[in-house]
>>> print(open('input33.cif').read())   # mmCIF, C-alpha atoms
data_structure
#
loop_
_atom_site.label_atom_id
_atom_site.label_comp_id
_atom_site.auth_asym_id
_atom_site.auth_seq_id
_atom_site.Cartn_x
_atom_site.Cartn_y
_atom_site.Cartn_z
CA MET A 501 1.10 -2.25 2.79
CA VAL A 502 -0.75 -5.48 2.26
CA CYS A 503 -3.40 -5.64 -0.40
CA ALA A 504 -5.30 -8.92 -0.56
CA VAL A 505 -4.43 -11.17 -3.51
CA GLU A 506 -4.73 -14.72 -4.75
CA ALA A 507 -2.90 -16.65 -7.45
CA VAL A 508 -4.57 -17.10 -10.83
CA PRO A 509 -4.86 -20.88 -11.41
CA TYR A 510 -1.87 -22.21 -13.35
CA GLU A 511 -4.01 -23.61 -16.17
CA LYS A 512 -5.39 -20.11 -16.83
CA ILE A 513 -1.89 -18.66 -16.91
CA LYS A 514 -0.64 -21.46 -19.15
CA ALA A 515 -3.45 -20.88 -21.65
CA GLN A 516 -2.13 -17.37 -22.32
CA PHE A 517 1.27 -18.48 -23.66
CA LYS A 518 2.39 -20.16 -26.88
CA LYS A 519 5.38 -22.31 -27.76
CA GLY A 520 8.51 -20.34 -28.59
CA GLU A 521 7.36 -17.05 -27.03
CA ARG A 522 10.08 -15.05 -25.33
CA VAL A 523 8.81 -14.19 -21.88
CA SER A 524 10.05 -12.25 -18.92
CA ILE A 525 8.59 -12.95 -15.49
CA VAL A 526 8.34 -10.30 -12.78
CA THR A 527 7.30 -10.90 -9.20
CA CYS A 528 6.71 -8.66 -6.23
CA ASN A 529 8.33 -9.83 -3.02
CA THR A 530 5.90 -8.15 -0.62
CA CYS A 531 2.10 -8.60 -0.64
CA THR A 532 1.99 -11.39 -3.23
CA ARG A 533 4.81 -13.39 -1.63
CA SER A 534 3.27 -13.15 1.83
CA GLN A 535 0.02 -14.55 0.41
CA GLU A 536 1.71 -17.27 -1.67
CA ALA A 537 0.65 -15.74 -4.97
CA GLY A 538 4.14 -14.60 -5.92
CA GLY A 539 7.72 -14.47 -4.69
CA ALA A 540 10.94 -16.05 -5.98
CA LYS A 541 10.10 -19.67 -5.18
CA LEU A 542 6.68 -19.63 -6.83
CA MET A 543 8.08 -17.74 -9.80
CA GLU A 544 10.72 -20.46 -10.30
CA GLU A 545 8.06 -23.16 -10.16
CA ILE A 546 5.76 -21.44 -12.66
CA SER A 547 8.67 -20.59 -14.92
CA GLN A 548 9.86 -24.21 -15.08
CA LYS A 549 6.35 -25.51 -15.68
CA LEU A 550 5.72 -23.06 -18.50
CA VAL A 551 9.00 -24.06 -20.14
CA GLN A 552 8.14 -27.76 -19.83
CA ASP A 553 4.41 -27.60 -20.57
CA VAL A 554 4.26 -24.87 -23.20
CA GLY A 555 7.80 -24.48 -24.48
CA ILE A 556 8.22 -20.77 -23.82
CA GLU A 557 11.67 -19.23 -23.58
CA VAL A 558 12.14 -17.45 -20.26
CA VAL A 559 14.39 -14.51 -21.02
CA GLU A 560 14.66 -13.33 -17.43
CA GLU A 561 13.11 -13.60 -14.00
CA ILE A 562 12.96 -10.48 -11.85
CA VAL A 563 12.18 -10.25 -8.14
CA LEU A 564 11.24 -6.75 -7.05
CA THR A 565 11.10 -5.77 -3.39
CA ILE A 566 7.88 -3.89 -4.16
CA GLY A 567 6.15 -4.31 -7.52
CA CYS A 568 4.23 -1.03 -7.34
CA ASN A 569 7.30 1.21 -7.26
CA PHE A 570 8.57 2.39 -10.67
CA ASP A 571 12.03 3.09 -9.31
CA TYR A 572 12.67 -0.60 -8.66
CA TYR A 573 11.94 -1.38 -12.32
CA ASP A 574 14.40 1.26 -13.39
CA TYR A 575 17.12 -0.37 -11.31
CA ALA A 576 16.18 -3.86 -12.54
CA LYS A 577 16.51 -2.73 -16.19
CA PRO A 578 13.97 -5.28 -17.51
CA ALA A 579 14.34 -6.55 -21.08
CA SER A 580 12.11 -4.83 -23.62
CA ASP A 581 12.63 -7.35 -26.45
CA VAL A 582 10.18 -9.96 -25.21
CA ASP A 583 6.84 -11.19 -26.59
CA LYS A 584 5.06 -11.19 -23.23
CA ILE A 585 5.59 -10.39 -19.58
CA LEU A 586 4.10 -12.52 -16.81
CA CYS A 587 3.36 -10.38 -13.77
CA LEU A 588 3.20 -12.10 -10.39
CA GLY A 589 2.32 -8.88 -8.60
CA CYS A 590 -0.97 -7.22 -7.68
CA TRP A 591 -2.89 -5.10 -10.17
CA ALA A 592 -0.96 -2.00 -9.11
CA GLY A 593 2.27 -3.82 -10.05
CA TRP A 594 0.63 -4.97 -13.28
CA SER A 595 -0.28 -1.34 -14.06
CA VAL A 596 3.33 -0.27 -13.55
CA ILE A 597 4.55 -2.84 -16.11
CA LYS A 598 1.77 -1.91 -18.56
CA ARG A 599 2.81 1.72 -18.33
CA LYS A 600 6.49 0.95 -18.81
CA PHE A 601 5.89 -1.46 -21.69
CA PRO A 602 2.62 -0.37 -23.36
CA LYS A 603 3.26 -2.46 -26.49
CA ILE A 604 4.02 -5.74 -24.73
CA PRO A 605 1.11 -7.92 -23.51
CA VAL A 606 1.31 -8.29 -19.74
CA VAL A 607 -0.29 -11.44 -18.34
CA ALA A 608 -1.61 -11.02 -14.79
CA GLY A 609 -0.75 -14.11 -12.77
CA VAL A 610 -2.33 -12.68 -9.63
CA ARG A 611 -5.84 -11.51 -8.81
CA THR A 612 -6.30 -8.56 -6.51
CA LEU A 613 -9.16 -9.14 -4.12
CA GLY A 614 -9.15 -5.76 -2.43
CA VAL A 615 -7.84 -3.54 0.31
CA PRO A 616 -8.32 -4.85 3.85
CA ALA A 617 -10.05 -2.73 6.46
CA MET A 618 -10.00 -4.80 9.64
CA ASN A 619 -12.60 -7.54 9.06
CA GLU A 620 -13.89 -6.06 5.82
CA MET A 621 -12.52 -6.24 2.30
CA LEU A 622 -12.85 -3.00 0.33
CA LYS A 623 -13.25 -4.12 -3.28
CA VAL A 624 -11.19 -2.57 -6.07
CA VAL A 625 -12.24 -2.01 -9.68
CA THR A 626 -10.81 -4.61 -12.06
CA PRO A 627 -8.54 -3.09 -14.73
CA GLU A 628 -9.28 -4.06 -18.31
CA GLY A 629 -7.02 -6.87 -19.47
CA VAL A 630 -6.44 -8.76 -16.23
CA GLU A 631 -7.79 -12.13 -15.14
CA SER A 632 -10.65 -11.29 -12.75
CA MET B 1500 0.77 0.31 -2.12
CA ILE B 1501 -2.39 1.59 -0.48
CA VAL B 1502 -3.35 5.11 -1.49
CA VAL B 1503 -4.33 7.13 1.56
CA LEU B 1504 -6.09 10.48 1.46
CA ARG B 1505 -6.95 12.80 4.28
CA ASN B 1506 -10.42 13.25 5.87
CA LEU B 1507 -9.47 16.07 8.20
CA ASP B 1508 -7.52 19.29 8.11
CA TYR B 1509 -5.52 20.67 11.01
CA ALA B 1510 -8.37 22.77 12.42
CA GLN B 1511 -10.70 19.73 12.39
CA ILE B 1512 -8.13 17.64 14.25
CA LYS B 1513 -7.79 20.35 16.91
CA GLU B 1514 -11.58 20.44 17.33
CA LYS B 1515 -11.49 16.79 18.36
CA LEU B 1516 -8.91 17.40 21.07
CA ASP B 1517 -9.18 18.84 24.57
CA LYS B 1518 -6.43 20.96 26.09
CA ASP B 1519 -5.95 18.41 28.87
CA ASP B 1520 -5.63 15.45 26.48
CA LYS B 1521 -2.36 13.55 26.64
CA ILE B 1522 -1.75 13.04 22.96
CA VAL B 1523 0.18 10.45 20.98
CA VAL B 1524 0.70 11.34 17.33
CA TRP B 1525 1.02 8.01 15.50
CA SER B 1526 2.19 7.44 11.95
CA CYS B 1527 2.65 4.49 9.65
CA ASN B 1528 5.98 4.69 7.85
CA ASP B 1529 4.97 2.80 4.73
CA CYS B 1530 2.10 3.54 2.30
CA THR B 1531 1.01 6.65 4.21
CA LYS B 1532 4.51 8.06 3.96
CA TYR B 1533 4.57 7.52 0.19
CA CYS B 1534 1.28 9.44 0.04
CA ASP B 1535 3.00 12.30 1.87
CA LEU B 1536 0.49 12.18 4.69
CA GLY B 1537 2.57 10.30 7.25
CA GLY B 1538 6.19 9.40 7.82
CA ARG B 1539 8.81 10.92 10.11
CA LYS B 1540 8.73 14.45 8.69
CA ASN B 1541 4.93 14.85 8.68
CA LEU B 1542 4.58 13.20 12.09
CA LYS B 1543 7.05 15.66 13.59
CA ALA B 1544 5.43 18.64 11.89
CA LEU B 1545 1.97 17.77 13.21
CA ALA B 1546 3.24 17.09 16.73
CA GLU B 1547 5.17 20.37 16.81
CA ALA B 1548 2.21 22.35 15.47
CA LEU B 1549 -0.03 20.93 18.20
CA GLU B 1550 2.55 21.69 20.88
CA LYS B 1551 2.85 25.24 19.60
CA ASP B 1552 -0.94 25.56 19.90
CA GLY B 1553 -0.78 24.52 23.54
CA PHE B 1554 -1.65 20.82 23.28
CA ASN B 1555 0.15 18.21 25.35
CA VAL B 1556 1.85 15.80 22.94
CA ILE B 1557 3.46 13.08 25.05
CA ARG B 1558 4.83 10.96 22.22
CA GLN B 1559 5.50 10.86 18.50
CA GLU B 1560 5.23 7.24 17.35
CA LEU B 1561 6.55 6.10 13.98
CA VAL B 1562 5.60 2.50 13.20
CA GLY B 1563 7.07 0.51 10.30
CA VAL B 1564 3.57 -0.53 9.27
CA SER B 1565 0.43 0.31 11.21
CA CYS B 1566 -1.63 -2.57 9.80
CA GLN B 1567 0.15 -5.18 11.93
CA PRO B 1568 -1.50 -5.53 15.36
CA PRO B 1569 1.57 -7.11 17.04
CA LEU B 1570 3.54 -3.93 16.32
CA ILE B 1571 0.79 -1.85 17.90
CA ARG B 1572 0.37 -4.09 20.94
CA GLU B 1573 4.13 -4.13 21.49
CA ARG B 1574 3.96 -0.41 22.33
CA THR B 1575 1.56 -1.15 25.17
CA LYS B 1576 3.86 -3.81 26.63
CA HIS B 1577 7.40 -2.59 26.07
CA LYS B 1578 9.02 -1.10 29.17
CA ALA B 1579 10.05 2.02 27.26
CA THR B 1580 6.52 2.90 26.12
CA LYS B 1581 4.10 1.02 28.39
CA GLU B 1582 3.59 3.91 30.84
CA ILE B 1583 3.23 6.47 28.07
CA TYR B 1584 0.40 4.53 26.48
CA LYS B 1585 -1.24 3.95 29.84
CA ASP B 1586 -1.31 7.74 30.37
CA ALA B 1587 -2.33 8.72 26.85
CA THR B 1588 -5.92 9.86 26.35
CA ALA B 1589 -5.86 10.56 22.60
CA VAL B 1590 -4.12 8.98 19.63
CA ILE B 1591 -4.03 10.80 16.29
CA VAL B 1592 -3.48 8.23 13.55
CA LEU B 1593 -1.78 8.97 10.24
CA ALA B 1594 -2.42 5.65 8.46
CA CYS B 1595 -4.71 3.88 6.01
CA THR B 1596 -8.20 2.73 7.02
CA ASP B 1597 -6.88 -0.68 8.08
CA GLY B 1598 -4.02 0.87 10.05
CA PHE B 1599 -6.43 3.21 11.83
CA LEU B 1600 -8.94 0.45 12.68
CA LYS B 1601 -6.21 -1.73 14.12
CA VAL B 1602 -4.89 1.09 16.31
CA GLN B 1603 -8.45 1.83 17.39
CA ARG B 1604 -8.98 -1.78 18.41
CA VAL B 1605 -5.85 -1.87 20.57
CA PHE B 1606 -6.62 1.49 22.21
CA ARG B 1607 -10.38 1.01 22.44
CA LYS B 1608 -10.71 3.02 25.67
CA LYS B 1609 -8.92 6.06 24.24
CA LYS B 1610 -9.95 8.77 21.81
CA VAL B 1611 -8.51 7.55 18.50
CA ILE B 1612 -8.69 10.07 15.67
CA GLN B 1613 -8.78 8.91 12.05
CA VAL B 1614 -6.98 11.31 9.73
CA GLY B 1615 -6.60 9.11 6.61
CA SER B 1616 -8.71 6.71 4.55
CA SER B 1617 -7.79 4.14 1.89
CA VAL B 1618 -9.05 4.90 -1.62
CA GLY B 1619 -7.33 2.15 -3.64
CA LEU B 1620 -3.98 0.90 -4.86
CA GLY B 1621 -1.26 3.14 -6.17
CA ALA B 1622 2.07 3.10 -7.96
CA TYR B 1623 4.92 5.24 -6.74
CA SER B 1624 7.98 6.82 -8.32
CA LYS B 1625 10.40 9.38 -6.95
CA LYS B 1626 9.75 11.53 -9.99
CA GLY B 1627 5.95 11.32 -10.14
CA GLY B 1628 5.11 10.59 -6.51
CA MET B 1629 2.15 8.37 -5.68
CA ARG B 1630 -0.59 7.89 -8.28
CA LEU B 1631 -3.86 5.99 -7.85
CA VAL B 1632 -4.07 3.22 -10.48
CA VAL B 1633 -6.62 0.75 -9.07
CA PRO B 1634 -9.37 2.62 -7.20
CA LEU B 1635 -11.78 1.15 -4.68
CA GLU B 1636 -15.22 0.45 -6.15
CA GLU B 1637 -16.76 2.88 -3.68
CA THR B 1638 -14.86 5.82 -5.26
CA GLY B 1639 -16.70 5.49 -8.58
CA LEU B 1640 -13.39 5.99 -10.43
CA ALA B 1641 -12.13 3.76 -13.25
CA PRO B 1642 -8.71 2.06 -13.16
CA LEU B 1643 -6.05 4.01 -15.03
CA VAL B 1644 -2.62 2.69 -15.99
CA GLU B 1645 -1.25 6.25 -16.06
CA GLY B 1646 -2.78 6.83 -12.65
CA TYR B 1647 -4.50 9.81 -11.03
CA THR B 1648 -2.52 12.29 -8.98
CA LEU B 1649 -3.56 12.42 -5.36
CA GLU B 1650 -4.71 16.01 -5.84
CA GLU B 1651 -7.05 14.87 -8.65
CA VAL B 1652 -8.48 12.06 -6.55
CA ALA B 1653 -8.90 14.28 -3.50
CA SER B 1654 -10.74 16.83 -5.57
CA LYS B 1655 -13.07 14.19 -7.11
CA LEU B 1656 -13.80 12.56 -3.76
CA LYS B 1657 -14.03 15.81 -1.78
CA MET B 1658 -11.14 14.75 0.40
CA LYS B 1659 -7.69 16.25 1.00
CA SER B 1660 -4.19 15.19 0.02
CA GLY B 1661 -0.74 15.84 1.40
CA PRO B 1662 0.50 16.70 4.88
CA VAL B 1663 -1.80 17.99 7.61
CA VAL B 1664 0.57 20.92 8.25
#
>>> encode(input="input33.cif", output="structure tokens")
Amino acid sequence: MVCAVEAVPYEKIKAQFKKGERVSIVTCNTCTRSQEAGGAKLMEEISQKLVQDVGIEVVEEIVLTIGCNFDYYDYAKPASDVDKILCLGCWAGWSVIKRKFPKIPVVAGVRTLGVPAMNEMLKVVTPEGVES
Amino acid sequence: MIVVLRNLDYAQIKEKLDKDDKIVVWSCNDCTKYCDLGGRKNLKALAEALEKDGFNVIRQELVGVSCQPPLIRERTKHKATKEIYKDATAVIVLACTDGFLKVQRVFRKKKVIQVGSSVGLGAYSKKGGMRLVVPLEETGLAPLVEGYTLEEVASKLKMKSGPVV
């Protein structure tokens, strides 16, 4: 289950938002939470900071049990009338949001380092449009 | 989720076994299940096929996740399974590369057979099944938001997808 991830530094996330933008934030509650790159608590912290520091409007915050399962998004019924989506999930979760909302920019707040194989890290190819 | 494809078909698995092996068929119940390689149904089908072909399957083991060594080690210590694992001579693993390697490390004196390998990260839906969206560099494939079906990936990588039997 666990892919290896790390959080994108807050300053890099912050730089991708502008004052007044309507934003929804989605986090995965599995791999990213267990590696402190996502999860409800971190999402709350980042959300509050972006509101204070940038002046975005957070339309909704969504915690998904697994971010790489389309069916969870369908149940969550995420808003489609937002300017941007901040994804605190791995790149597979990011791909799911991109596919569901192809016209909305999706900011990747998490870097995917790879797939573990015992003591090795099998590297993945970086999708275009994410912070590598 | 980790996308797991198959390295072996049923005949190749049988070639690695001896008739006097005491076999555990082991499956991860997470990513590998979503790839339709492991999970309860596929574990049972493989075990029953082997039994039908005259092999001695002494246990079918379904593990929540196979990439967590404490869950593997627990099987060697728990009173309900300790003796079974002491007797076992072969473990057939339906799991990702990491899940296989961790089982192999715990059962280092036994014959541990790798059936699946990780090829990247996937996105799942009930309707579309598992699709590979972020491939491993070693596959030579590009990331694809729409994803590749497992059949497509298996064909490109000269591997196999789906259940063993």
>>> resolve_selection(input="input33.cif", expression="the PyMOL selection byres ((chain B) within 7 of (chain A))", output="list of chain:residue names")
B:Met1500, B:Ile1501, B:Asp1529, B:Cys1530, B:Thr1596, B:Asp1597, B:Leu1600, B:Lys1601, B:Gly1619, B:Leu1620, B:Gly1621, B:Ala1622, B:Tyr1623, B:Ser1624, B:Lys1625, B:Val1632, B:Val1633, B:Pro1634, B:Leu1635, B:Glu1636, B:Ala1641, B:Pro1642, B:Val1644, B:Glu1645
>>> resolve_selection(input="input33.cif", expression="the PyMOL selection byres ((chain B and resi 1511-1517) around 9)", output="list in words")
Leu1507, Asp1508, Tyr1509, Ala1510, Lys1518, Asp1519, Asp1520, Lys1521, Ile1522, Leu1549, Phe1554, Ala1589, Ile1591, Lys1610, Ile1612 and Val1614 of chain B
>>> residues_near_point(input="input33.cif", point="(-3.3, -17.9, -14.9)", cutoff="12 Å", atoms="all atoms listed in the file", output="list in words")
Glu506, Ala507, Val508, Pro509, Tyr510, Glu511, Lys512, Ile513, Lys514, Ala515, Gln516, Phe517, Ala537, Ile546, Leu550, Leu586, Cys587, Leu588, Val606, Val607, Ala608, Gly609, Val610, Arg611, Val630, Glu631 and Ser632 of chain A
>>> atom_distance(input="input33.cif", atom1="atom CA of B:Gly1598", atom2="atom CA of B:Glu1560")
13.4 Å
>>> resolve_selection(input="input33.cif", expression="the PyMOL selection byres ((chain B and resi 1630) around 6)", output="PyMOL selection string")
chain B and resi 1621-1622+1629+1631+1646-1648
>>> residues_around(input="input33.cif", residues="stretch 1579-1581 of chain B", least_positions_apart="5", cutoff="10 Å", atoms="all atoms listed in the file", output="PyMOL selection string")
chain B and resi 1558+1560+1572-1574+1586
>>> closest_residue(input="input33.cif", among="B:Trp1525, B:Phe1599, B:Tyr1533, B:Phe1606", to="B:Cys1566", atoms="only C-alpha atoms")
B:Phe1599
>>> closest_residue(input="input33.cif", among="A:Ile604, A:Pro578, A:Val551, A:Glu557", to="A:Arg522", atoms="only C-alpha atoms")
A:Glu557
>>> residues_around(input="input33.cif", residues="B:Val1664", least_positions_apart="2", cutoff="7 Å", atoms="all atoms listed in the file", output="VMD selection string")
chain B and resid 1509 1544 to 1545 1662
>>> build_atoms(input="input33.cif", residues="stretch 1640-1651 of chain B", atoms="all heavy atoms", output="PDB file, keeping the file's coordinate frame")
ATOM      1  N   LEU B1640     -14.412   5.683  -9.415  1.00  0.00           N
ATOM      2  CA  LEU B1640     -13.390   5.990 -10.430  1.00  0.00           C
ATOM      3  C   LEU B1640     -13.024   4.717 -11.197  1.00  0.00           C
ATOM      4  O   LEU B1640     -13.117   3.609 -10.662  1.00  0.00           O
ATOM      5  CB  LEU B1640     -12.131   6.560  -9.761  1.00  0.00           C
ATOM      6  CG  LEU B1640     -12.290   7.880  -9.008  1.00  0.00           C
ATOM      7  CD1 LEU B1640     -11.027   8.195  -8.213  1.00  0.00           C
ATOM      8  CD2 LEU B1640     -12.574   9.004 -10.001  1.00  0.00           C
ATOM      9  N   ALA B1641     -12.554   4.901 -12.438  1.00  0.00           N
ATOM     10  CA  ALA B1641     -12.130   3.760 -13.250  1.00  0.00           C
ATOM     11  C   ALA B1641     -10.622   3.538 -13.073  1.00  0.00           C
ATOM     12  O   ALA B1641      -9.890   4.499 -12.826  1.00  0.00           O
ATOM     13  CB  ALA B1641     -12.424   4.057 -14.718  1.00  0.00           C
ATOM     14  N   PRO B1642     -10.160   2.292 -13.222  1.00  0.00           N
ATOM     15  CA  PRO B1642      -8.710   2.060 -13.160  1.00  0.00           C
ATOM     16  C   PRO B1642      -8.013   2.814 -14.293  1.00  0.00           C
ATOM     17  O   PRO B1642      -8.596   2.999 -15.366  1.00  0.00           O
ATOM     18  CB  PRO B1642      -8.581   0.546 -13.376  1.00  0.00           C
ATOM     19  CG  PRO B1642      -9.924  -0.017 -13.115  1.00  0.00           C
ATOM     20  CD  PRO B1642     -10.910   1.056 -13.462  1.00  0.00           C
ATOM     21  N   LEU B1643      -6.787   3.221 -14.043  1.00  0.00           N
ATOM     22  CA  LEU B1643      -6.050   4.010 -15.030  1.00  0.00           C
ATOM     23  C   LEU B1643      -4.567   3.664 -14.918  1.00  0.00           C
ATOM     24  O   LEU B1643      -3.961   3.896 -13.865  1.00  0.00           O
ATOM     25  CB  LEU B1643      -6.278   5.507 -14.732  1.00  0.00           C
ATOM     26  CG  LEU B1643      -5.855   6.532 -15.750  1.00  0.00           C
ATOM     27  CD1 LEU B1643      -6.625   6.352 -17.063  1.00  0.00           C
ATOM     28  CD2 LEU B1643      -6.089   7.945 -15.212  1.00  0.00           C
ATOM     29  N   VAL B1644      -4.026   3.101 -16.008  1.00  0.00           N
ATOM     30  CA  VAL B1644      -2.620   2.690 -15.990  1.00  0.00           C
ATOM     31  C   VAL B1644      -1.711   3.894 -15.710  1.00  0.00           C
ATOM     32  O   VAL B1644      -0.718   3.786 -14.990  1.00  0.00           O
ATOM     33  CB  VAL B1644      -2.256   1.999 -17.332  1.00  0.00           C
ATOM     34  CG1 VAL B1644      -0.755   1.870 -17.495  1.00  0.00           C
ATOM     35  CG2 VAL B1644      -2.896   0.616 -17.393  1.00  0.00           C
ATOM     36  N   GLU B1645      -2.060   5.047 -16.275  1.00  0.00           N
ATOM     37  CA  GLU B1645      -1.250   6.250 -16.060  1.00  0.00           C
ATOM     38  C   GLU B1645      -1.426   6.777 -14.629  1.00  0.00           C
ATOM     39  O   GLU B1645      -0.577   7.514 -14.123  1.00  0.00           O
ATOM     40  CB  GLU B1645      -1.646   7.372 -17.034  1.00  0.00           C
ATOM     41  CG  GLU B1645      -1.335   7.071 -18.488  1.00  0.00           C
ATOM     42  CD  GLU B1645      -2.316   6.070 -19.103  1.00  0.00           C
ATOM     43  OE1 GLU B1645      -3.447   5.937 -18.589  1.00  0.00           O
ATOM     44  OE2 GLU B1645      -1.934   5.394 -20.067  1.00  0.00           O
ATOM     45  N   GLY B1646      -2.515   6.432 -14.027  1.00  0.00           N
ATOM     46  CA  GLY B1646      -2.780   6.830 -12.650  1.00  0.00           C
ATOM     47  C   GLY B1646      -3.327   8.239 -12.511  1.00  0.00           C
ATOM     48  O   GLY B1646      -3.176   9.077 -13.396  1.00  0.00           O
ATOM     49  N   TYR B1647      -4.000   8.472 -11.391  1.00  0.00           N
ATOM     50  CA  TYR B1647      -4.500   9.810 -11.030  1.00  0.00           C
ATOM     51  C   TYR B1647      -3.555  10.397  -9.978  1.00  0.00           C
ATOM     52  O   TYR B1647      -3.109   9.676  -9.091  1.00  0.00           O
ATOM     53  CB  TYR B1647      -5.888   9.714 -10.373  1.00  0.00           C
ATOM     54  CG  TYR B1647      -6.964   9.022 -11.169  1.00  0.00           C
ATOM     55  CD1 TYR B1647      -7.177   7.652 -11.054  1.00  0.00           C
ATOM     56  CD2 TYR B1647      -7.808   9.750 -12.007  1.00  0.00           C
ATOM     57  CE1 TYR B1647      -8.196   7.015 -11.762  1.00  0.00           C
ATOM     58  CE2 TYR B1647      -8.833   9.127 -12.706  1.00  0.00           C
ATOM     59  CZ  TYR B1647      -9.014   7.754 -12.580  1.00  0.00           C
ATOM     60  OH  TYR B1647     -10.027   7.126 -13.270  1.00  0.00           O
ATOM     61  N   THR B1648      -3.281  11.670 -10.068  1.00  0.00           N
ATOM     62  CA  THR B1648      -2.520  12.290  -8.980  1.00  0.00           C
ATOM     63  C   THR B1648      -3.411  12.314  -7.734  1.00  0.00           C
ATOM     64  O   THR B1648      -4.650  12.276  -7.848  1.00  0.00           O
ATOM     65  CB  THR B1648      -2.108  13.746  -9.318  1.00  0.00           C
ATOM     66  OG1 THR B1648      -3.298  14.536  -9.405  1.00  0.00           O
ATOM     67  CG2 THR B1648      -1.324  13.821 -10.620  1.00  0.00           C
ATOM     68  N   LEU B1649      -2.774  12.411  -6.595  1.00  0.00           N
ATOM     69  CA  LEU B1649      -3.560  12.420  -5.360  1.00  0.00           C
ATOM     70  C   LEU B1649      -4.414  13.691  -5.256  1.00  0.00           C
ATOM     71  O   LEU B1649      -5.504  13.663  -4.689  1.00  0.00           O
ATOM     72  CB  LEU B1649      -2.654  12.266  -4.141  1.00  0.00           C
ATOM     73  CG  LEU B1649      -1.825  10.979  -4.090  1.00  0.00           C
ATOM     74  CD1 LEU B1649      -1.296  10.731  -2.691  1.00  0.00           C
ATOM     75  CD2 LEU B1649      -2.603   9.757  -4.574  1.00  0.00           C
ATOM     76  N   GLU B1650      -3.925  14.763  -5.845  1.00  0.00           N
ATOM     77  CA  GLU B1650      -4.710  16.010  -5.840  1.00  0.00           C
ATOM     78  C   GLU B1650      -5.999  15.817  -6.650  1.00  0.00           C
ATOM     79  O   GLU B1650      -7.076  16.253  -6.236  1.00  0.00           O
ATOM     80  CB  GLU B1650      -3.898  17.165  -6.451  1.00  0.00           C
ATOM     81  CG  GLU B1650      -2.700  17.610  -5.627  1.00  0.00           C
ATOM     82  CD  GLU B1650      -1.498  16.683  -5.740  1.00  0.00           C
ATOM     83  OE1 GLU B1650      -1.478  15.814  -6.640  1.00  0.00           O
ATOM     84  OE2 GLU B1650      -0.587  16.794  -4.910  1.00  0.00           O
ATOM     85  N   GLU B1651      -5.864  15.140  -7.810  1.00  0.00           N
ATOM     86  CA  GLU B1651      -7.050  14.870  -8.650  1.00  0.00           C
ATOM     87  C   GLU B1651      -8.062  14.034  -7.889  1.00  0.00           C
ATOM     88  O   GLU B1651      -9.263  14.327  -7.891  1.00  0.00           O
ATOM     89  CB  GLU B1651      -6.642  14.070  -9.896  1.00  0.00           C
ATOM     90  CG  GLU B1651      -6.046  14.849 -11.038  1.00  0.00           C
ATOM     91  CD  GLU B1651      -5.633  13.902 -12.155  1.00  0.00           C
ATOM     92  OE1 GLU B1651      -4.754  13.051 -11.938  1.00  0.00           O
ATOM     93  OE2 GLU B1651      -6.183  14.028 -13.250  1.00  0.00           O
TER      94      GLU B1651
END
